[in-house]
Every structure is written in C-alpha cells, then in structure tokens.
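Right, one structure below, let's go through it.
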Amino acid sequence: MSNFFVRLLSSMFAFSLIMSGSSVASAATSDTLVVYFSATGNTRAMATTISSALGADRYEIVPLEPYSEEDLNYHNESCRANSEQKDPALRPKLKALDADLTRYKTVILAYPLWWAEEPRIIDTFVESYDFSGKTVVPVCTSGGSGIEKSIENIKKNIRGKPSFKDGNRFSSHVTADEFKSWYDSL
Ligand SMILES: Cc1cc2nc3c(=O)[nH]c(=O)nc-3n(C[C@H](O)[C@H](O)[C@H](O)COP(=O)(O)O)c2cc1C
C-alpha cells in the first residue's frame, strides 16, 4: 500500500475516534436534567424541545396508576385529577424511583397546570429525591393559567432546599430558539 493510502486510512480512523469520543463525552457531561410529567402529551412535547435546545438529558415522571381520559375529565367534579387537586396532601405513587439526580447540577421541572397548580404527583416527586445543592427551574404548559401558585407549592414541598430560578409557562409549541433565549436570560 502506498504511503498516501496508509496516511489516508489512519487519518480516517483518527477522525472516527474523535467523532465517537466527542458524542459520548457530550452525553456524559450534560449537567442539566429535564424532568417532566405529562398526561396528554403537551408537556412531553415541550420537554423534548427543551432537552434538544440545551443538549440536556430527560426523565419522565410516570404514575404507578396511569391517568385515563375519564380521570382527566375536569368537567366531572369528582374525576380523579380533580379529587387529587382538592387534597394538597395527596401523593399519587410513582411507578419507579430510579431518577439519578446525583449527576446533575440543574433540574428543569416540567409539568401541566391542573387547577392552576402542579399535579400532586409533582409533589410526590420533589419529596422523593434530595435536591440539595441543585438549581431547579420550574416550567409548565397550561390552557392559559400562570405558573406562580405551583412554584410556591413546590418550594414548600421540595426536599433539600435547592435554589430556584424564575419559572415560566410555555406553549407546548415553544421552539428551541424561543426557549433558549428565555433560558439564557435567567
Ligand atoms: C384536571 C385538569 C385541570 C386543568 N386545569 C387547568 C387550569 O387551571 N388552567 C389552565 O390553564 N389549564 C388547565 N388544564 C389544561 C392543561 O394544563 C393543559 O392542557 C396542559 O398543557 C396539559 O399538559 P399535558 O398534555 O402534558 O398533560 C387542566 C387540565 C386538566 C386535565
């Protein structure tokens, strides 16, 4: 084989090593986790946009007992979601307790608003893990209500007294650029 081909092959090999090394490194060095709960898909869409905008990892809060359409029918006063929201002490069970928060400095906590508050399962989550030393950024989707009351509740309930950055309500159609410019302004 000529010298030229030997050099070409070795530089291609080195290039592929660098490429695979850098993608592994960026996944392993992300210090931001997007934790989200979504019952009908809107917050999931927002969380997906946020994690790609920031190159952040994502963790879904999954209830042990999934919410059916009837559970979420807020026109029915006694539907499951309404009953849960009426009781601030209620804590729906999580399907798993396997979020590894230790690797992350910042947790972006994403949820829908139910009766202008966080779904109670968000309280289950923030009481189940130790957030000491972390920064929490609450974000929500909603039909129009603001995030304020939910932040107040989460601050009361969260374990480990993390610091908070101002939260915000977003449309589930928020773009990566819109989110990034808000996030960079915090
Ligand atoms: C039980 C229930 C209560 C809700 N209450 C409110 C509310 O008080 N204000 C509001 O703007 N939207 C409210 N919504 C609408 C949701 O916040 C909105 O559709 C959200 O984007 C749903 O997110 P998800 O698809 O991730 O579950 C409520 C929805 C449900 C199911």
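In the structure tokens, each chain is lettered A, B, ... as it comes, each chain's residues begin at 1, and ligands are numbered from 1 in order of appearance.
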Using DSSP on the backbone, list every residue of region 28-101 of chain A that comes out as alpha helix (DSSP H), and give them as a list in words.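 After running DSSP on the backbone, region 28-101 of chain A has alpha helix (DSSP H) at Ala28, Thr29, Asn42, Thr43, Arg44, Ala45, Met46, Ala47, Thr48, Thr49, Ile50, Ser51, Ser52, Ala53, Leu54, Arg80, Ala81, Asn82, Ser83, Glu84, Gln85 and Lys86 of chain A.
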For the selection just defined, write its residues with N, CA and C atoms to a file, as a PDB file, in the first residue's frame.
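Saved the output as out_30.pdb:
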```pdb
ATOM      1  N   ALA A  28     -22.203  12.399  28.399  1.00  0.00           N
ATOM      2  CA  ALA A  28     -21.812  12.140  29.783  1.00  0.00           C
ATOM      3  C   ALA A  28     -21.592  13.428  30.570  1.00  0.00           C
ATOM      4  N   THR A  29     -21.379  14.558  29.883  1.00  0.00           N
ATOM      5  CA  THR A  29     -21.060  15.771  30.628  1.00  0.00           C
ATOM      6  C   THR A  29     -22.253  16.709  30.772  1.00  0.00           C
ATOM      7  N   ASN A  42     -48.763  17.371  25.908  1.00  0.00           N
ATOM      8  CA  ASN A  42     -48.280  18.745  25.665  1.00  0.00           C
ATOM      9  C   ASN A  42     -46.942  19.017  26.358  1.00  0.00           C
ATOM     10  N   THR A  43     -46.859  18.635  27.619  1.00  0.00           N
ATOM     11  CA  THR A  43     -45.622  18.900  28.364  1.00  0.00           C
ATOM     12  C   THR A  43     -44.484  18.012  27.844  1.00  0.00           C
ATOM     13  N   ARG A  44     -44.852  16.819  27.374  1.00  0.00           N
ATOM     14  CA  ARG A  44     -43.812  15.955  26.785  1.00  0.00           C
ATOM     15  C   ARG A  44     -43.205  16.645  25.563  1.00  0.00           C
ATOM     16  N   ALA A  45     -44.055  17.245  24.734  1.00  0.00           N
ATOM     17  CA  ALA A  45     -43.556  17.940  23.539  1.00  0.00           C
ATOM     18  C   ALA A  45     -42.631  19.084  23.955  1.00  0.00           C
ATOM     19  N   MET A  46     -43.050  19.857  24.966  1.00  0.00           N
ATOM     20  CA  MET A  46     -42.210  20.965  25.431  1.00  0.00           C
ATOM     21  C   MET A  46     -40.892  20.441  25.997  1.00  0.00           C
ATOM     22  N   ALA A  47     -40.955  19.360  26.788  1.00  0.00           N
ATOM     23  CA  ALA A  47     -39.740  18.809  27.415  1.00  0.00           C
ATOM     24  C   ALA A  47     -38.755  18.309  26.351  1.00  0.00           C
ATOM     25  N   THR A  48     -39.296  17.760  25.278  1.00  0.00           N
ATOM     26  CA  THR A  48     -38.436  17.262  24.195  1.00  0.00           C
ATOM     27  C   THR A  48     -37.727  18.437  23.522  1.00  0.00           C
ATOM     28  N   THR A  49     -38.474  19.520  23.300  1.00  0.00           N
ATOM     29  CA  THR A  49     -37.864  20.719  22.694  1.00  0.00           C
ATOM     30  C   THR A  49     -36.779  21.287  23.613  1.00  0.00           C
ATOM     31  N   ILE A  50     -37.092  21.343  24.920  1.00  0.00           N
ATOM     32  CA  ILE A  50     -36.128  21.915  25.874  1.00  0.00           C
ATOM     33  C   ILE A  50     -34.859  21.069  25.899  1.00  0.00           C
ATOM     34  N   SER A  51     -35.013  19.754  25.944  1.00  0.00           N
ATOM     35  CA  SER A  51     -33.805  18.942  26.083  1.00  0.00           C
ATOM     36  C   SER A  51     -32.964  19.036  24.819  1.00  0.00           C
ATOM     37  N   SER A  52     -33.599  19.154  23.650  1.00  0.00           N
ATOM     38  CA  SER A  52     -32.731  19.301  22.477  1.00  0.00           C
ATOM     39  C   SER A  52     -32.160  20.709  22.393  1.00  0.00           C
ATOM     40  N   ALA A  53     -32.903  21.722  22.858  1.00  0.00           N
ATOM     41  CA  ALA A  53     -32.352  23.094  22.842  1.00  0.00           C
ATOM     42  C   ALA A  53     -31.105  23.197  23.719  1.00  0.00           C
ATOM     43  N   LEU A  54     -31.085  22.464  24.838  1.00  0.00           N
ATOM     44  CA  LEU A  54     -29.987  22.601  25.806  1.00  0.00           C
ATOM     45  C   LEU A  54     -29.002  21.437  25.756  1.00  0.00           C
ATOM     46  N   ARG A  80     -60.731  11.751  38.955  1.00  0.00           N
ATOM     47  CA  ARG A  80     -59.528  11.509  39.770  1.00  0.00           C
ATOM     48  C   ARG A  80     -58.624  12.748  39.870  1.00  0.00           C
ATOM     49  N   ALA A  81     -58.345  13.411  38.744  1.00  0.00           N
ATOM     50  CA  ALA A  81     -57.434  14.568  38.779  1.00  0.00           C
ATOM     51  C   ALA A  81     -58.012  15.667  39.676  1.00  0.00           C
ATOM     52  N   ASN A  82     -59.322  15.917  39.548  1.00  0.00           N
ATOM     53  CA  ASN A  82     -59.943  16.956  40.386  1.00  0.00           C
ATOM     54  C   ASN A  82     -59.881  16.589  41.860  1.00  0.00           C
ATOM     55  N   SER A  83     -60.174  15.320  42.177  1.00  0.00           N
ATOM     56  CA  SER A  83     -60.124  14.902  43.590  1.00  0.00           C
ATOM     57  C   SER A  83     -58.710  15.060  44.134  1.00  0.00           C
ATOM     58  N   GLU A  84     -57.713  14.702  43.345  1.00  0.00           N
ATOM     59  CA  GLU A  84     -56.323  14.841  43.811  1.00  0.00           C
ATOM     60  C   GLU A  84     -55.972  16.304  44.070  1.00  0.00           C
ATOM     61  N   GLN A  85     -56.404  17.179  43.154  1.00  0.00           N
ATOM     62  CA  GLN A  85     -56.048  18.595  43.308  1.00  0.00           C
ATOM     63  C   GLN A  85     -56.734  19.241  44.507  1.00  0.00           C
ATOM     64  N   LYS A  86     -57.892  18.659  44.884  1.00  0.00           N
ATOM     65  CA  LYS A  86     -58.603  19.239  46.035  1.00  0.00           C
ATOM     66  C   LYS A  86     -57.914  18.907  47.347  1.00  0.00           C
TER      67      LYS A  86
END
```
Would you name the residues within 9 Å of ligand 1, counting only C-alpha atoms and all ligand atoms, and put them as a PyMOL selection string? chain A and resi 36-46+69+71-75+79-82+85+110-117+119+140-146+170-172
Using only C-alpha atoms, please write the residues we just selected to a file, as a compact mmCIF listing (two decimals), in the first residue's frame.
```txt
# COMPACT_ATOMS: atom_id res chain seq x y z
CA TYR A 36 -41.28 16.05 33.20
CA PHE A 37 -44.77 14.76 33.81
CA SER A 38 -47.29 14.81 31.00
CA ALA A 39 -50.79 13.31 30.96
CA THR A 40 -51.88 14.23 27.42
CA GLY A 41 -48.61 14.92 25.59
CA ASN A 42 -48.28 18.74 25.67
CA THR A 43 -45.62 18.90 28.36
CA ARG A 44 -43.81 15.96 26.78
CA ALA A 45 -43.56 17.94 23.54
CA MET A 46 -42.21 20.97 25.43
CA GLU A 69 -59.29 10.01 29.82
CA ASP A 71 -59.54 10.53 35.22
CA LEU A 72 -58.65 13.79 33.44
CA ASN A 73 -62.19 14.91 32.63
CA TYR A 74 -62.18 18.08 34.73
CA HIS A 75 -65.82 18.81 33.77
CA CYS A 79 -62.83 12.83 38.43
CA ARG A 80 -59.53 11.51 39.77
CA ALA A 81 -57.43 14.57 38.78
CA ASN A 82 -59.94 16.96 40.39
CA GLN A 85 -56.05 18.60 43.31
CA ALA A 110 -41.81 20.48 33.62
CA TYR A 111 -45.48 19.80 34.26
CA PRO A 112 -49.01 20.78 33.17
CA LEU A 113 -51.13 23.00 35.40
CA TRP A 114 -54.16 21.38 36.97
CA TRP A 115 -56.47 23.92 38.59
CA ALA A 116 -53.63 26.43 38.35
CA GLU A 117 -51.35 24.21 40.47
CA PRO A 119 -50.34 17.93 39.64
CA CYS A 140 -45.26 24.42 32.73
CA THR A 141 -47.80 24.13 29.97
CA SER A 142 -51.42 25.17 30.54
CA GLY A 143 -54.54 26.44 28.83
CA GLY A 144 -53.50 29.94 29.94
CA SER A 145 -53.09 29.94 33.74
CA GLY A 146 -49.81 31.23 35.14
CA PHE A 170 -44.82 27.97 27.74
CA SER A 171 -46.96 26.83 24.87
CA SER A 172 -46.35 23.18 24.04
```
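Among A:Thr124, A:Ser30, A:Asn168, A:Thr106, the residue with the shortest atom-to-atom distance to Ile154 (chain A), counting only C-alpha atoms, is A:Thr124.
Counting from CA of Glu152 (chain A), the distance to CA of Glu127 (chain A) is 14.5 Å.
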Would you please extract all strand (DSSP E or B) residues from chain A, as assigned by DSSP on the backbone, and give them as an MDAnalysis selection string? chainID A and resid 32:36 57:60 63 94 106:112 114 117 135:141 163:164 168:169
Please produce an output containing N, CA and C atoms for each residue in the selection, written as a CSV table (one decimal), in the first residue's frame.
```csv
chain,number,residue,atom,x,y,z
A,32,THR,N,-27.5,19.1,33.1
A,32,THR,CA,-28.9,19.5,33.2
A,32,THR,C,-29.8,18.4,32.9
A,33,LEU,N,-30.8,18.2,33.7
A,33,LEU,CA,-31.8,17.1,33.5
A,33,LEU,C,-33.2,17.8,33.4
A,34,VAL,N,-33.9,17.4,32.3
A,34,VAL,CA,-35.3,17.8,32.2
A,34,VAL,C,-36.2,16.7,32.7
A,35,VAL,N,-36.8,17.0,33.9
A,35,VAL,CA,-37.7,16.0,34.5
A,35,VAL,C,-39.1,16.5,34.1
A,36,TYR,N,-39.9,15.6,33.6
A,36,TYR,CA,-41.3,16.0,33.2
A,36,TYR,C,-42.4,15.0,33.5
A,57,ASP,N,-30.3,15.9,29.3
A,57,ASP,CA,-31.0,14.6,29.4
A,57,ASP,C,-32.4,14.8,29.8
A,58,ARG,N,-33.2,13.7,29.7
A,58,ARG,CA,-34.6,13.8,30.0
A,58,ARG,C,-35.1,12.6,30.9
A,59,TYR,N,-36.0,12.9,31.8
A,59,TYR,CA,-36.5,11.8,32.7
A,59,TYR,C,-38.0,12.0,32.8
A,60,GLU,N,-38.8,11.0,32.5
A,60,GLU,CA,-40.3,11.1,32.6
A,60,GLU,C,-40.8,10.6,34.0
A,63,PRO,N,-46.7,7.9,36.6
A,63,PRO,CA,-47.5,7.4,37.8
A,63,PRO,C,-47.7,5.9,37.8
A,94,LEU,N,-45.4,6.9,42.5
A,94,LEU,CA,-44.6,6.9,41.3
A,94,LEU,C,-44.5,5.4,40.8
A,106,THR,N,-28.4,21.1,37.5
A,106,THR,CA,-29.7,21.8,37.3
A,106,THR,C,-30.8,20.8,36.9
A,107,VAL,N,-32.0,21.0,37.5
A,107,VAL,CA,-33.1,20.2,37.2
A,107,VAL,C,-34.2,21.1,36.6
A,108,ILE,N,-34.6,21.0,35.4
A,108,ILE,CA,-35.7,21.7,34.8
A,108,ILE,C,-36.9,20.8,35.0
A,109,LEU,N,-37.9,21.3,35.8
A,109,LEU,CA,-39.0,20.5,36.2
A,109,LEU,C,-40.2,21.0,35.4
A,110,ALA,N,-40.8,20.1,34.6
A,110,ALA,CA,-41.8,20.5,33.6
A,110,ALA,C,-43.1,19.7,33.9
A,111,TYR,N,-44.2,20.4,33.9
A,111,TYR,CA,-45.5,19.8,34.3
A,111,TYR,C,-46.6,20.6,33.7
A,112,PRO,N,-47.8,20.0,33.5
A,112,PRO,CA,-49.0,20.8,33.2
A,112,PRO,C,-49.6,21.4,34.4
A,114,TRP,N,-52.8,21.9,36.7
A,114,TRP,CA,-54.2,21.4,37.0
A,114,TRP,C,-54.8,22.3,38.0
A,117,GLU,N,-52.4,24.7,39.6
A,117,GLU,CA,-51.4,24.2,40.5
A,117,GLU,C,-50.6,23.0,39.8
A,135,THR,N,-30.0,23.5,41.3
A,135,THR,CA,-30.8,24.6,40.9
A,135,THR,C,-32.0,24.0,40.2
A,136,VAL,N,-33.2,24.5,40.6
A,136,VAL,CA,-34.4,24.0,40.0
A,136,VAL,C,-35.0,25.1,39.1
A,137,VAL,N,-35.4,24.8,37.9
A,137,VAL,CA,-36.1,25.7,37.0
A,137,VAL,C,-37.5,25.1,36.7
A,138,PRO,N,-38.6,25.7,37.3
A,138,PRO,CA,-39.9,25.1,37.0
A,138,PRO,C,-40.4,25.7,35.7
A,139,VAL,N,-41.0,24.9,34.9
A,139,VAL,CA,-41.7,25.3,33.6
A,139,VAL,C,-43.0,24.5,33.5
A,140,CYS,N,-44.0,25.2,32.9
A,140,CYS,CA,-45.3,24.4,32.7
A,140,CYS,C,-45.9,24.7,31.4
A,141,THR,N,-46.9,23.8,31.0
A,141,THR,CA,-47.8,24.1,30.0
A,141,THR,C,-49.2,24.3,30.6
A,163,SER,N,-31.7,25.9,45.2
A,163,SER,CA,-32.0,27.3,44.8
A,163,SER,C,-32.9,27.2,43.6
A,164,PHE,N,-33.7,28.2,43.4
A,164,PHE,CA,-34.7,28.2,42.3
A,164,PHE,C,-34.3,29.4,41.3
A,168,ASN,N,-41.5,29.7,34.3
A,168,ASN,CA,-42.3,30.3,33.2
A,168,ASN,C,-43.3,29.3,32.6
A,169,ARG,N,-44.4,29.8,32.1
A,169,ARG,CA,-45.4,29.0,31.4
A,169,ARG,C,-45.0,29.1,29.9
```
Which residues, written as a list of chain:residue names, have at least one atom at most 12 Å from Lys155 (chain A), with only C-alpha atoms counted and residues fewer than 2 positions away on the same chain left out? A:Glu118, A:Ile122, A:Asp123, A:Val126, A:Glu127, A:Phe131, A:Thr135, A:Val136, A:Val137, A:Pro138, A:Glu148, A:Lys149, A:Ser150, A:Ile151, A:Glu152, A:Asn153, A:Asn157, A:Ile158, A:Arg159, A:Gly160, A:Lys161, A:Pro162, A:Ser163, A:Phe164, A:Lys165, A:Asp166, A:Gly167
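Distance-wise, CA of Lys95 (chain A) and CA of His173 (chain A) end up 27.7 Å apart.
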